[in-house]
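A.B. asks: I am sharing run.txt, which consists of compact mmCIF, C-alpha atoms:
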# COMPACT_ATOMS: atom_id res chain seq x y z
CA HIS N 554 113.01 -47.08 4.52
CA LEU N 555 111.22 -48.05 7.70
CA THR N 556 112.58 -49.88 10.59
CA GLY N 557 110.76 -52.82 12.16
CA ASN N 558 109.11 -50.71 14.83
CA ASN N 559 107.94 -48.17 12.28
CA THR N 560 106.50 -50.94 10.14
CA SER N 561 104.37 -52.31 12.99
CA LEU N 562 103.14 -48.81 13.82
CA LEU N 563 102.16 -48.29 10.21
CA ASN N 564 100.27 -51.59 10.15
CA CYS N 565 98.35 -50.56 13.27
CA ALA N 566 97.45 -47.22 11.74
CA LEU N 567 96.24 -48.88 8.55
CA GLY N 568 94.11 -51.33 10.60
CA ILE N 569 92.51 -48.49 12.54
CA ALA N 570 91.77 -46.62 9.31
CA VAL N 571 90.09 -49.65 7.71
CA THR N 572 87.97 -50.30 10.82
CA PHE N 573 86.96 -46.63 11.02
CA LYS N 574 85.92 -46.63 7.36
CA LYS N 575 83.77 -49.72 7.92
CA HIS N 576 82.00 -48.11 10.92
CA VAL N 577 81.45 -44.86 9.02
CA GLY N 578 79.76 -46.85 6.24
CA ASN N 579 77.51 -48.59 8.74
CA LEU N 580 76.58 -45.27 10.34
CA LEU N 581 75.68 -43.82 6.94
CA ARG N 582 73.46 -46.79 6.11
CA ILE N 583 71.73 -46.59 9.53
CA SER N 584 71.09 -42.84 9.12
CA GLN N 585 69.59 -43.42 5.64
CA ILE N 586 67.24 -46.11 7.01
CA PHE N 587 66.19 -43.88 9.91
CA LEU N 588 65.48 -40.92 7.62
CA SER N 589 63.43 -43.01 5.18
CA SER N 590 61.38 -44.63 8.02
CA SER N 591 60.70 -41.28 9.68
CA LEU N 592 59.30 -39.88 6.43
CA SER N 593 56.90 -42.82 5.88
CA PRO N 594 53.62 -43.05 7.96
CA VAL N 595 53.67 -45.42 10.90
CA PRO N 596 50.76 -47.87 10.79
CA LYS N 597 48.40 -47.60 13.78
CA PRO N 598 47.70 -50.68 15.86
CA ALA N 599 44.48 -52.39 14.84
CA VAL N 600 41.59 -52.43 17.30
CA PRO N 601 40.17 -55.91 17.85
CA ALA N 602 36.53 -56.18 16.86
CA LYS N 603 33.76 -56.17 19.44
CA PRO N 604 32.92 -59.74 20.45
CA PRO N 605 29.67 -60.94 18.89
CA ASN N 606 26.45 -60.77 20.93
CA VAL N 607 28.07 -58.70 23.70
CA GLY N 608 25.64 -56.05 24.86
CA ALA N 609 23.27 -56.72 22.00
CA PRO N 610 19.69 -56.02 23.07
CA SER N 611 16.95 -58.53 22.66
CA PRO N 612 14.15 -57.65 20.21
CA SER N 613 11.90 -56.61 23.10
CA SER N 614 14.46 -54.33 24.72
CA SER N 615 13.48 -50.69 25.01
CA PHE N 616 16.95 -49.79 26.25
CA PRO N 617 19.47 -50.35 23.43
CA PRO N 618 23.13 -50.10 24.45
CA GLN N 619 24.39 -46.62 23.78
CA GLY N 620 27.82 -45.05 23.76
CA LEU N 621 28.73 -43.82 27.21
CA GLY N 622 31.05 -40.93 27.67
CA ILE N 623 31.32 -37.40 26.36
CA GLY N 624 29.88 -36.21 23.07
CA GLY N 625 28.27 -38.25 20.35
CA GLY N 626 29.49 -41.23 18.43
CA GLY N 627 28.80 -44.89 18.22
CA GLY N 628 30.94 -47.17 20.36
CA VAL N 629 32.55 -46.82 23.76
CA CYS N 630 36.31 -46.57 24.08
CA ALA N 631 38.84 -46.49 26.87
CA PRO N 632 42.59 -45.88 27.14
CA PRO N 633 44.92 -48.89 26.97
CA PRO N 634 45.68 -50.73 30.20
CA SER N 635 48.54 -49.59 32.40
CA GLY N 636 51.93 -50.85 31.25
CA ILE N 637 51.06 -50.56 27.50
CA PRO N 638 52.74 -47.58 25.81
CA VAL N 639 50.46 -44.86 24.46
CA PRO N 640 51.33 -43.51 20.98
CA ILE N 641 53.32 -40.30 20.86
CA GLY N 642 51.29 -37.17 20.21
CA SER N 643 48.70 -37.35 23.00
CA HIS N 644 48.24 -34.15 24.94
CA SER N 645 48.14 -34.09 28.71
CA LEU N 646 46.15 -31.89 30.99
CA GLY N 647 43.70 -32.84 33.68
CA HIS N 648 42.56 -33.03 37.24
CA GLY N 649 42.49 -36.19 39.27
CA GLY N 650 43.57 -39.64 38.17
CA GLY N 651 43.98 -40.35 34.48
CA HIS N 652 40.99 -38.95 32.60
CA SER N 653 41.11 -39.66 28.90
CA VAL N 654 38.60 -38.51 26.35
CA GLY N 655 38.65 -39.91 22.83
CA HIS N 656 37.30 -38.12 19.78
CA GLY N 657 36.40 -39.70 16.51
CA GLY N 658 34.41 -42.85 15.88
CA GLY N 659 34.22 -43.84 19.54
CA HIS N 660 34.30 -41.80 22.73
CA ALA N 661 35.83 -42.76 26.02
CA ALA N 662 35.83 -41.33 29.48
CA VAL N 663 37.64 -43.11 32.29
CA HIS N 664 38.12 -41.75 35.80
CA SER N 665 40.51 -43.20 38.33
CA GLY N 666 40.06 -42.81 42.05
CA GLY N 667 42.88 -40.28 42.56
CA HIS N 668 42.41 -36.57 43.17
CA GLY N 669 44.65 -33.57 42.76
CA HIS N 670 46.35 -31.78 39.89
CA GLY N 671 49.09 -32.74 37.56
CA SER N 672 47.59 -36.04 36.44
CA SER N 673 47.33 -36.92 32.78
CA HIS N 674 44.39 -36.04 30.55
CA SER N 675 45.08 -37.59 27.17
CA SER N 676 43.13 -36.78 24.05
CA SER N 677 43.60 -38.95 20.98
CA GLY N 678 41.66 -40.80 18.32
CA GLY N 679 39.43 -43.73 19.19
CA SER N 680 41.62 -46.00 17.03
CA THR N 681 44.40 -45.86 19.68
CA LEU N 682 42.47 -48.38 21.78
CA LEU N 683 43.84 -51.88 21.83
CA GLY N 684 40.66 -53.80 22.64
CA TYR N 685 36.94 -53.80 23.42
CA ILE N 686 36.13 -53.29 27.12
CA GLY N 687 32.34 -53.63 27.31
CA ILE N 688 31.24 -50.55 29.25
CA ASP N 689 28.21 -50.19 26.98
CA THR N 690 26.76 -53.47 28.27
CA ILE N 691 25.69 -51.77 31.53
CA ILE N 692 22.41 -50.79 29.85
CA GLU N 693 21.74 -54.40 28.91
CA GLN N 694 22.63 -55.52 32.44
CA MET N 695 20.16 -53.03 33.90
CA ARG N 696 17.48 -54.15 31.45
CA LYS N 697 17.92 -57.82 32.35
CA LYS N 698 17.76 -57.10 36.07
CA THR N 699 14.62 -54.97 35.66
CA MET N 700 12.97 -57.70 33.61
CA LYS N 701 13.68 -60.23 36.38
CA THR N 702 12.50 -58.12 39.30
CA GLY N 703 9.80 -56.08 37.56
CA PHE N 704 8.66 -52.76 38.97
CA ASP N 705 5.72 -51.06 40.68
CA PHE N 706 3.53 -48.22 39.49
CA ASN N 707 0.74 -46.79 41.62
CA ILE N 708 -1.81 -44.43 40.09
CA MET N 709 -4.68 -42.63 41.82
CA VAL N 710 -7.81 -41.33 40.12
CA ALA N 711 -9.86 -38.53 41.67
CA GLY N 712 -12.94 -36.59 40.60
CA HIS N 713 -16.65 -36.84 41.15
CA SER N 714 -18.55 -39.89 39.87
CA GLY N 715 -19.72 -40.23 36.29
CA LEU N 716 -16.62 -38.78 34.61
CA GLY N 717 -15.33 -42.11 33.25
CA LYS N 718 -12.36 -42.59 35.59
CA SER N 719 -12.50 -46.38 35.58
CA THR N 720 -13.06 -46.57 31.83
CA LEU N 721 -10.08 -44.32 31.12
CA ILE N 722 -7.77 -46.43 33.30
CA ASN N 723 -8.89 -49.59 31.47
CA THR N 724 -8.26 -47.82 28.16
CA LEU N 725 -4.79 -46.64 29.21
CA PHE N 726 -3.60 -50.14 30.11
CA LYS N 727 -5.82 -52.01 27.61
CA SER N 728 -7.07 -54.40 30.26
CA GLN N 729 -9.71 -54.56 32.98
CA VAL N 730 -7.62 -53.14 35.80
CA SER N 731 -9.94 -50.61 37.44
CA ARG N 732 -11.81 -51.28 40.66
CA ARG N 733 -15.16 -51.29 38.87
CA SER N 734 -13.92 -54.01 36.52
CA THR N 735 -13.24 -56.36 39.44
CA GLY N 736 -16.45 -56.94 41.33
CA TRP N 737 -18.31 -53.62 41.12
CA SER N 738 -22.03 -53.73 40.36
CA ARG N 739 -24.16 -50.93 38.98
CA ASP N 740 -26.45 -51.24 42.03
CA GLU N 741 -23.62 -50.03 44.26
CA LYS N 742 -24.63 -46.78 45.95
CA ILE N 743 -22.48 -43.68 46.15
CA PRO N 744 -20.78 -43.73 49.59
CA LYS N 745 -21.73 -41.04 52.06
CA THR N 746 -18.07 -40.28 52.79
CA VAL N 747 -14.91 -40.41 50.71
CA GLU N 748 -13.45 -43.90 50.63
CA ILE N 749 -10.10 -45.12 49.42
CA LYS N 750 -10.13 -48.40 47.53
CA SER N 751 -7.23 -49.94 45.65
CA VAL N 752 -6.83 -52.93 43.39
CA SER N 753 -3.56 -54.39 42.09
CA HIS N 754 -2.75 -56.35 38.94
CA VAL N 755 0.46 -57.71 37.43
CA ILE N 756 0.55 -56.89 33.74
CA GLU N 757 3.28 -58.05 31.36
CA GLU N 758 4.39 -56.80 27.97
CA GLY N 759 7.48 -57.84 26.03
CA GLY N 760 8.81 -59.80 28.99
CA VAL N 761 8.61 -56.78 31.33
CA LYS N 762 6.40 -57.22 34.40
CA MET N 763 4.73 -54.32 36.15
CA LYS N 764 2.65 -54.44 39.31
CA LEU N 765 -0.02 -51.82 38.68
CA THR N 766 -2.07 -50.53 41.59
CA VAL N 767 -5.09 -48.34 40.84
CA VAL N 768 -6.32 -46.28 43.79
CA ASP N 769 -9.91 -45.07 43.47
CA THR N 770 -11.62 -42.38 45.58
CA PRO N 771 -15.39 -43.11 45.47
CA GLY N 772 -17.53 -40.45 47.12
CA PHE N 773 -15.17 -37.54 46.38
CA GLY N 774 -17.11 -34.43 45.38
CA ASP N 775 -20.47 -36.24 45.38
CA GLN N 776 -21.88 -34.88 48.66
CA ILE N 777 -23.98 -31.80 49.32
CA ASN N 778 -21.31 -30.57 51.70
CA ASN N 779 -17.84 -31.29 50.30
CA ASP N 780 -15.87 -29.44 52.96
CA ASN N 781 -12.52 -31.11 53.65
CA CYS N 782 -13.41 -34.07 51.40
CA TRP N 783 -9.77 -34.14 50.27
CA GLU N 784 -8.51 -34.98 53.76
CA PRO N 785 -9.00 -38.78 53.52
CA ILE N 786 -7.06 -38.73 50.23
CA SER N 787 -4.23 -36.66 51.71
CA LYS N 788 -4.16 -38.96 54.74
CA TYR N 789 -3.87 -42.07 52.53
CA ILE N 790 -0.97 -40.57 50.54
CA ASN N 791 0.92 -39.69 53.74
CA GLU N 792 0.23 -43.13 55.23
CA GLN N 793 2.03 -44.74 52.30
CA TYR N 794 5.03 -42.44 52.86
CA GLU N 795 4.99 -43.36 56.56
CA LYS N 796 4.88 -47.07 55.78
CA PHE N 797 7.89 -46.75 53.45
CA LEU N 798 9.78 -44.63 56.00
CA LYS N 799 9.28 -47.20 58.78
CA GLU N 800 10.63 -49.92 56.51
CA GLU N 801 13.69 -47.77 55.77
CA VAL N 802 14.60 -47.14 59.41
CA ASN N 803 14.08 -50.76 60.41
CA ILE N 804 17.32 -52.46 61.51
CA ALA N 805 16.66 -55.70 59.59
CA ARG N 806 14.98 -54.13 56.61
CA LYS N 807 13.98 -56.01 53.51
CA LYS N 808 16.19 -56.21 50.47
CA ARG N 809 13.42 -54.66 48.41
CA ILE N 810 10.95 -52.45 50.28
CA PRO N 811 7.39 -52.77 48.92
CA ASP N 812 6.47 -49.48 47.28
CA THR N 813 2.85 -48.46 47.82
CA ARG N 814 3.49 -44.71 47.45
CA VAL N 815 1.21 -42.93 44.98
CA HIS N 816 3.33 -41.99 41.97
CA CYS N 817 0.66 -40.09 40.09
CA CYS N 818 -2.83 -38.68 40.63
CA LEU N 819 -5.06 -38.17 37.60
CA TYR N 820 -7.55 -35.45 38.53
CA PHE N 821 -10.68 -35.46 36.36
CA ILE N 822 -12.23 -32.08 35.52
CA SER N 823 -15.87 -31.86 34.46
CA PRO N 824 -16.28 -30.67 30.83
CA THR N 825 -18.43 -27.69 31.79
CA GLY N 826 -16.74 -25.33 29.34
CA HIS N 827 -16.88 -22.52 31.90
CA SER N 828 -14.33 -22.68 34.71
CA LEU N 829 -12.98 -24.88 37.48
CA ARG N 830 -15.08 -25.53 40.55
CA GLN N 831 -13.77 -24.24 43.86
CA LEU N 832 -13.43 -27.87 44.98
CA ASP N 833 -11.12 -28.60 42.01
CA ILE N 834 -8.86 -25.69 42.90
CA GLU N 835 -8.80 -26.52 46.62
CA PHE N 836 -8.01 -30.20 46.03
CA MET N 837 -5.12 -29.53 43.65
CA ARG N 838 -3.72 -26.73 45.81
CA ARG N 839 -3.64 -28.86 48.94
CA LEU N 840 -2.25 -32.04 47.34
CA SER N 841 0.12 -30.65 44.69
CA HIS N 842 3.02 -30.65 47.20
CA SER N 843 2.58 -34.27 48.23
CA VAL N 844 1.74 -36.05 44.96
CA ASN N 845 2.26 -35.57 41.21
CA ILE N 846 -1.07 -34.20 39.93
CA ILE N 847 -1.98 -34.50 36.25
CA PRO N 848 -5.26 -32.70 35.43
CA VAL N 849 -7.39 -34.10 32.58
CA ILE N 850 -10.66 -32.92 31.06
CA ALA N 851 -13.02 -35.88 31.04
CA LYS N 852 -15.52 -36.76 28.30
CA ALA N 853 -14.04 -34.25 25.88
CA ASP N 854 -16.37 -35.44 23.10
CA THR N 855 -19.17 -33.42 24.73
CA MET N 856 -17.48 -30.17 23.60
CA THR N 857 -16.75 -28.73 20.18
CA ILE N 858 -13.11 -28.19 19.16
CA GLU N 859 -13.41 -24.43 19.78
CA GLU N 860 -15.04 -24.93 23.20
CA ARG N 861 -12.35 -27.43 24.13
CA GLN N 862 -9.46 -25.08 23.29
CA GLU N 863 -11.04 -22.15 25.15
CA PHE N 864 -11.72 -24.31 28.21
CA LYS N 865 -8.15 -25.64 28.25
CA GLN N 866 -6.75 -22.08 28.16
CA ARG N 867 -9.12 -20.99 30.93
CA VAL N 868 -8.14 -23.93 33.14
CA ARG N 869 -4.41 -23.25 32.66
CA LYS N 870 -4.92 -19.59 33.54
CA GLU N 871 -6.93 -20.42 36.68
CA LEU N 872 -4.31 -22.92 37.84
CA GLU N 873 -1.56 -20.35 37.32
CA MET N 874 -3.48 -17.64 39.19
CA SER N 875 -4.09 -20.05 42.08
CA GLY N 876 -0.37 -20.93 42.28
CA ILE N 877 -1.00 -24.60 41.51
CA GLU N 878 1.86 -26.47 39.85
CA PHE N 879 0.90 -29.70 38.14
CA TYR N 880 3.31 -32.34 36.85
CA PRO N 881 5.80 -31.87 35.17
CA GLN N 882 6.83 -29.02 37.47
CA LYS N 883 9.10 -26.37 35.97
CA GLU N 884 11.53 -26.44 38.90
CA PHE N 885 12.35 -30.11 38.27
CA ASP N 886 13.51 -29.70 34.65
CA GLU N 887 17.07 -31.06 34.67
CA ASP N 888 18.44 -29.46 31.50
CA MET N 889 17.45 -27.49 28.40
CA GLU N 890 16.34 -30.63 26.57
CA ASP N 891 14.01 -31.55 29.45
CA LYS N 892 12.71 -27.98 29.61
CA SER N 893 11.99 -27.93 25.87
CA ASP N 894 10.11 -31.26 25.98
CA ASN N 895 8.21 -30.45 29.16
CA ASP N 896 7.24 -26.97 27.95
CA LYS N 897 5.40 -28.57 25.02
CA ILE N 898 3.59 -30.90 27.43
CA ARG N 899 2.67 -28.06 29.81
CA GLU N 900 1.27 -26.04 26.90
CA ALA N 901 -0.95 -28.99 25.87
CA MET N 902 -2.31 -29.65 29.36
CA PRO N 903 -4.85 -30.37 30.66
CA PHE N 904 -5.36 -33.18 28.15
CA ALA N 905 -8.92 -33.42 26.86
CA VAL N 906 -9.58 -37.17 26.75
CA VAL N 907 -12.18 -39.77 25.88
CA GLY N 908 -12.10 -43.29 27.28
CA SER N 909 -13.64 -46.47 25.92
CA ASP N 910 -12.97 -50.19 26.23
CA LYS N 911 -15.23 -51.12 23.31
CA GLU N 912 -14.03 -51.84 19.78
CA TYR N 913 -15.71 -50.85 16.52
CA GLN N 914 -14.93 -51.41 12.85
CA VAL N 915 -13.70 -48.24 11.13
CA ASN N 916 -12.33 -48.33 7.57
CA GLY N 917 -11.56 -52.03 7.89
CA LYS N 918 -9.73 -51.66 11.23
CA ARG N 919 -10.79 -52.45 14.78
CA VAL N 920 -10.49 -49.32 16.94
CA LEU N 921 -11.40 -48.32 20.48
CA GLY N 922 -14.16 -45.76 20.41
CA ARG N 923 -17.53 -44.37 21.49
CA LYS N 924 -20.44 -44.82 19.12
CA THR N 925 -22.79 -41.87 18.69
CA ALA N 926 -25.70 -41.09 16.37
CA TRP N 927 -23.40 -39.12 14.04
CA GLY N 928 -20.41 -41.47 14.03
CA ILE N 929 -17.69 -43.08 16.11
CA VAL N 930 -15.32 -41.11 18.31
CA GLU N 931 -11.97 -42.88 17.97
CA VAL N 932 -10.14 -42.83 21.29
CA GLU N 933 -6.62 -43.13 19.84
CA ASN N 934 -7.19 -40.73 16.94
CA PRO N 935 -5.38 -37.43 17.74
CA HIS N 936 -7.93 -35.55 15.60
CA HIS N 937 -10.74 -36.72 17.89
CA CYS N 938 -9.21 -36.32 21.37
CA GLU N 939 -5.90 -36.14 23.23
CA PHE N 940 -5.92 -39.61 24.76
CA ALA N 941 -2.88 -40.72 22.72
CA GLN N 942 -0.88 -37.73 24.03
CA LEU N 943 -1.81 -38.57 27.62
CA ARG N 944 -0.86 -42.24 27.16
CA ASP N 945 2.50 -41.45 25.55
CA PHE N 946 3.29 -38.89 28.23
CA LEU N 947 2.17 -40.97 31.20
CA ILE N 948 3.51 -44.39 30.18
CA ARG N 949 5.98 -44.14 27.30
CA SER N 950 8.06 -41.09 28.20
CA HIS N 951 7.56 -40.00 31.85
CA LEU N 952 6.63 -43.10 33.86
CA GLN N 953 10.12 -43.53 35.32
CA ASP N 954 10.42 -39.81 35.99
CA LEU N 955 7.12 -39.89 37.91
CA LYS N 956 8.59 -42.57 40.17
CA GLU N 957 11.84 -40.64 40.64
CA VAL N 958 10.11 -37.34 41.47
CA THR N 959 7.91 -39.19 43.97
CA HIS N 960 10.96 -40.73 45.69
CA ASN N 961 13.45 -37.86 45.44
CA ILE N 962 11.12 -34.89 45.97
CA GLN N 963 7.72 -35.74 47.43
CA TYR N 964 8.84 -38.56 49.73
CA GLU N 965 12.06 -36.80 50.78
CA THR N 966 10.04 -33.71 51.76
CA TYR N 967 7.78 -35.86 53.94
CA ARG N 968 10.74 -37.78 55.38
CA ALA N 969 12.65 -34.62 56.35
CA LYS N 970 9.54 -33.17 58.00
CA ARG N 971 8.89 -36.34 60.01
CA LEU N 972 12.47 -36.67 61.18
CA ASN N 973 12.60 -33.01 62.23
CA GLU N 974 9.33 -33.35 64.15
CA ASN N 975 10.32 -36.47 66.10
CA GLY N 976 14.06 -35.95 66.32
CA GLY N 977 14.49 -39.14 64.27
CA LEU N 978 12.47 -42.33 64.11
CA HIS N 979 13.44 -45.23 66.34
CA PRO N 980 14.10 -48.56 64.58
CA ILE N 981 11.13 -50.89 64.81
CA SER N 982 11.25 -54.58 65.60
CA SER N 983 10.55 -57.31 63.08
CA SER N 984 7.28 -58.18 64.86
CA ASP N 985 6.04 -54.60 64.39
CA THR N 986 6.96 -54.78 60.72
CA GLN N 987 4.99 -58.00 60.25
CA GLU N 988 1.95 -56.45 61.96
CA SER N 989 2.14 -53.36 59.75
CA ASN N 990 2.41 -55.52 56.63
CA LEU N 991 -0.69 -57.41 57.69
Please lay out the structure from this file as structure tokens.
C.D. replies:
Amino acid sequence: HLTGNNTSLLNCALGIAVTFKKHVGNLLRISQIFLSSSLSPVPKPAVPAKPPNVGAPSPSSSFPPQGLGIGGGGGVCAPPPSGIPVPIGSHSLGHGGGHSVGHGGGHAAVHSGGHGHGSSHSSSGGSTLLGYIGIDTIIEQMRKKTMKTGFDFNIMVAGHSGLGKSTLINTLFKSQVSRRSTGWSRDEKIPKTVEIKSVSHVIEEGGVKMKLTVVDTPGFGDQINNDNCWEPISKYINEQYEKFLKEEVNIARKKRIPDTRVHCCLYFISPTGHSLRQLDIEFMRRLSHSVNIIPVIAKADTMTIEERQEFKQRVRKELEMSGIEFYPQKEFDEDMEDKSDNDKIREAMPFAVVGSDKEYQVNGKRVLGRKTAWGIVEVENPHHCEFAQLRDFLIRSHLQDLKEVTHNIQYETYRAKRLNENGGLHPISSSDTQESNL
């Protein structure tokens, strides 16, 4: 028997109990959902596909877009933009502003401008990225710019007359680019002193333009007295460095400084089969520190295979004993891959070559060669001579490196010496620049 007050208290207690039971049921259902969802795998966000035709090279491109970053792998990845949550499970460690490296299908490396310790270094799968950025298109951008502007390559040939210097240059570039191909007559006499003559051509292949300058040295080694006959050549090389240096220190310098520096000197060795002449050794010793020298044995078809191999070994030994370093120099190998590739080239040098700009029919194909009484010496046949190795090395694999070594090593050595001698070069006026260009 409850009084009125007791009845209302009981009703309140019953209401509280019913409400509590309802909330307990809800909590149980929520906990069951949470447990079941935590046991099931969480789908990863999909990465949008790379836009079509972005960074795709043209058929003539020799620089296909490659994955930038660390390690191998196909595409290029980057961490999601700031403000977008990164999936749980990434590990942090690093130096400087956020530096993330992805492993898996794509690789990413992104550096921010900050320095110091304690910043994040996240490592996660490439699939965590939320979109394509386009870092890999930098190669295509560089290719397009190079195709628009073109580039320069300046090659010097040295050696006494009759070794086929002009013919070999024409064979290398498959066009009439040598000095003798542009106005030389067979009645021309050998000059009494060493002269420097250059001729330039613009050649184009696959949309890429190259201004090729061939520097010839008629009269070198052809005199009775050849003392100091290398001095005009050394003077010419240094004059080109001086011209470039004056353009650099000019206050109102040009956007693109004309590059007339000699990037490579092909030195032709007579196929005597015995040893180098003293003039050969003296020339290479005196110029090896100011220009990239590549020694070649001319007219290699005048020697047997055995004579050729013995002569090559003898030349390499004499160069080593004389302390002459030819290109590619060992000290400039950047890594183990470079060292491995360049060691093979150094072991094959000097290349024994044959040049010819005449075509003959051999086994139904037109080939460049020299016709003899016992057959045709095919210039591009590796079993006949080493011209193909020289061409691949000089043009297809090391042409850019020749230019870089010339600028970063040879020219910088000359520049530092000049600035130390004069206490710095004074800027020259625009009128002086115009006179020097003329």
A.B. asks: Up to 12 Å from (8.7, -40.4, 45.1) in the file's coordinates: name the residues, counting all atoms listed in the file, as an NGL selection string.
C.D. replies: :N and (705-707 or 790-791 or 793-794 or 797-798 or 812-817 or 842-845 or 952-968)
A.B. asks: Using all atoms listed in the file, pick whichever of N:Glu871, N:Glu900, N:Glu859, N:Asp886 has the shortest atom-to-atom distance to N:Ser828.
C.D. replies: N:Glu871
A.B. asks: In Å, rounded to a single decimal, give me how far atom CA of N:Ser841 is from atom CA of N:Glu939.
C.D. replies: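 Going from atom CA of N:Glu939 over to atom CA of N:Ser841 covers 23.0 Å.
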A.B. asks: Restricting the calculation to only C-alpha atoms: of N:Phe836, N:Asp689, N:Val767, N:Phe726, which residue gets closest to N:Ala941?
C.D. replies: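 For N:Ala941, the nearest of the candidates is N:Phe726.
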A.B. asks: What is the atom CA of N:Ile786 to atom CA of N:Thr770 distance in Å?
C.D. replies: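 That distance, rounded to one decimal, is 7.5 Å.
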A.B. asks: Do you have the atom CA of N:Arg839-atom CA of N:Asp888 distance handy?
C.D. replies: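 Calculated distance between atom CA of N:Arg839 and atom CA of N:Asp888 is 28.1 Å.
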A.B. asks: Tell me which of N:Gly908, N:Lys727, N:Tyr685, N:Met709 sits closest to N:Thr766, counting all atoms listed in the file.
C.D. replies: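 The closest residue to N:Thr766 is N:Met709.
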A.B. asks: Determine the nearest neighbour of N:Cys938 from the options N:Thr925, N:Arg861, N:Glu887, N:Arg809, counting only C-alpha atoms.
C.D. replies: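 Using only C-alpha atoms, the shortest distance to N:Cys938 belongs to N:Arg861.
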A.B. asks: Box for stretch 935-953 of chain N - axis-aligned, 8 Å on each of the six sides, all listed atoms - centre and size in Å to one decimal, as JSON.
C.D. replies:
{"center_x": -0.3, "center_y": -40.0, "center_z": 25.5, "size_x": 36.9, "size_y": 24.8, "size_z": 35.7}
A.B. asks: N:Lys718, N:Ile834, N:Gln914, N:Thr855: which is nearest N:Glu873, counting all atoms listed in the file?
C.D. replies: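 Distance minimum relative to N:Glu873 lands on N:Ile834.
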A.B. asks: Residues near N:Gly717, anyone? I mean within 8 Å using all atoms listed in the file, not counting same-chain ones fewer than 4 positions away, as a ChimeraX atom specification.
C.D. replies: /N:721,851-852,908
A.B. asks: Which polymer residues, protein or nucleic acid, are no farther than 10 Å from (0.6, -27.6, 37.7), counting only C-alpha atoms, as a PyMOL selection string?
C.D. replies: chain N and resi 837-838+841+845-848+869+872-873+875-883+899+902-903
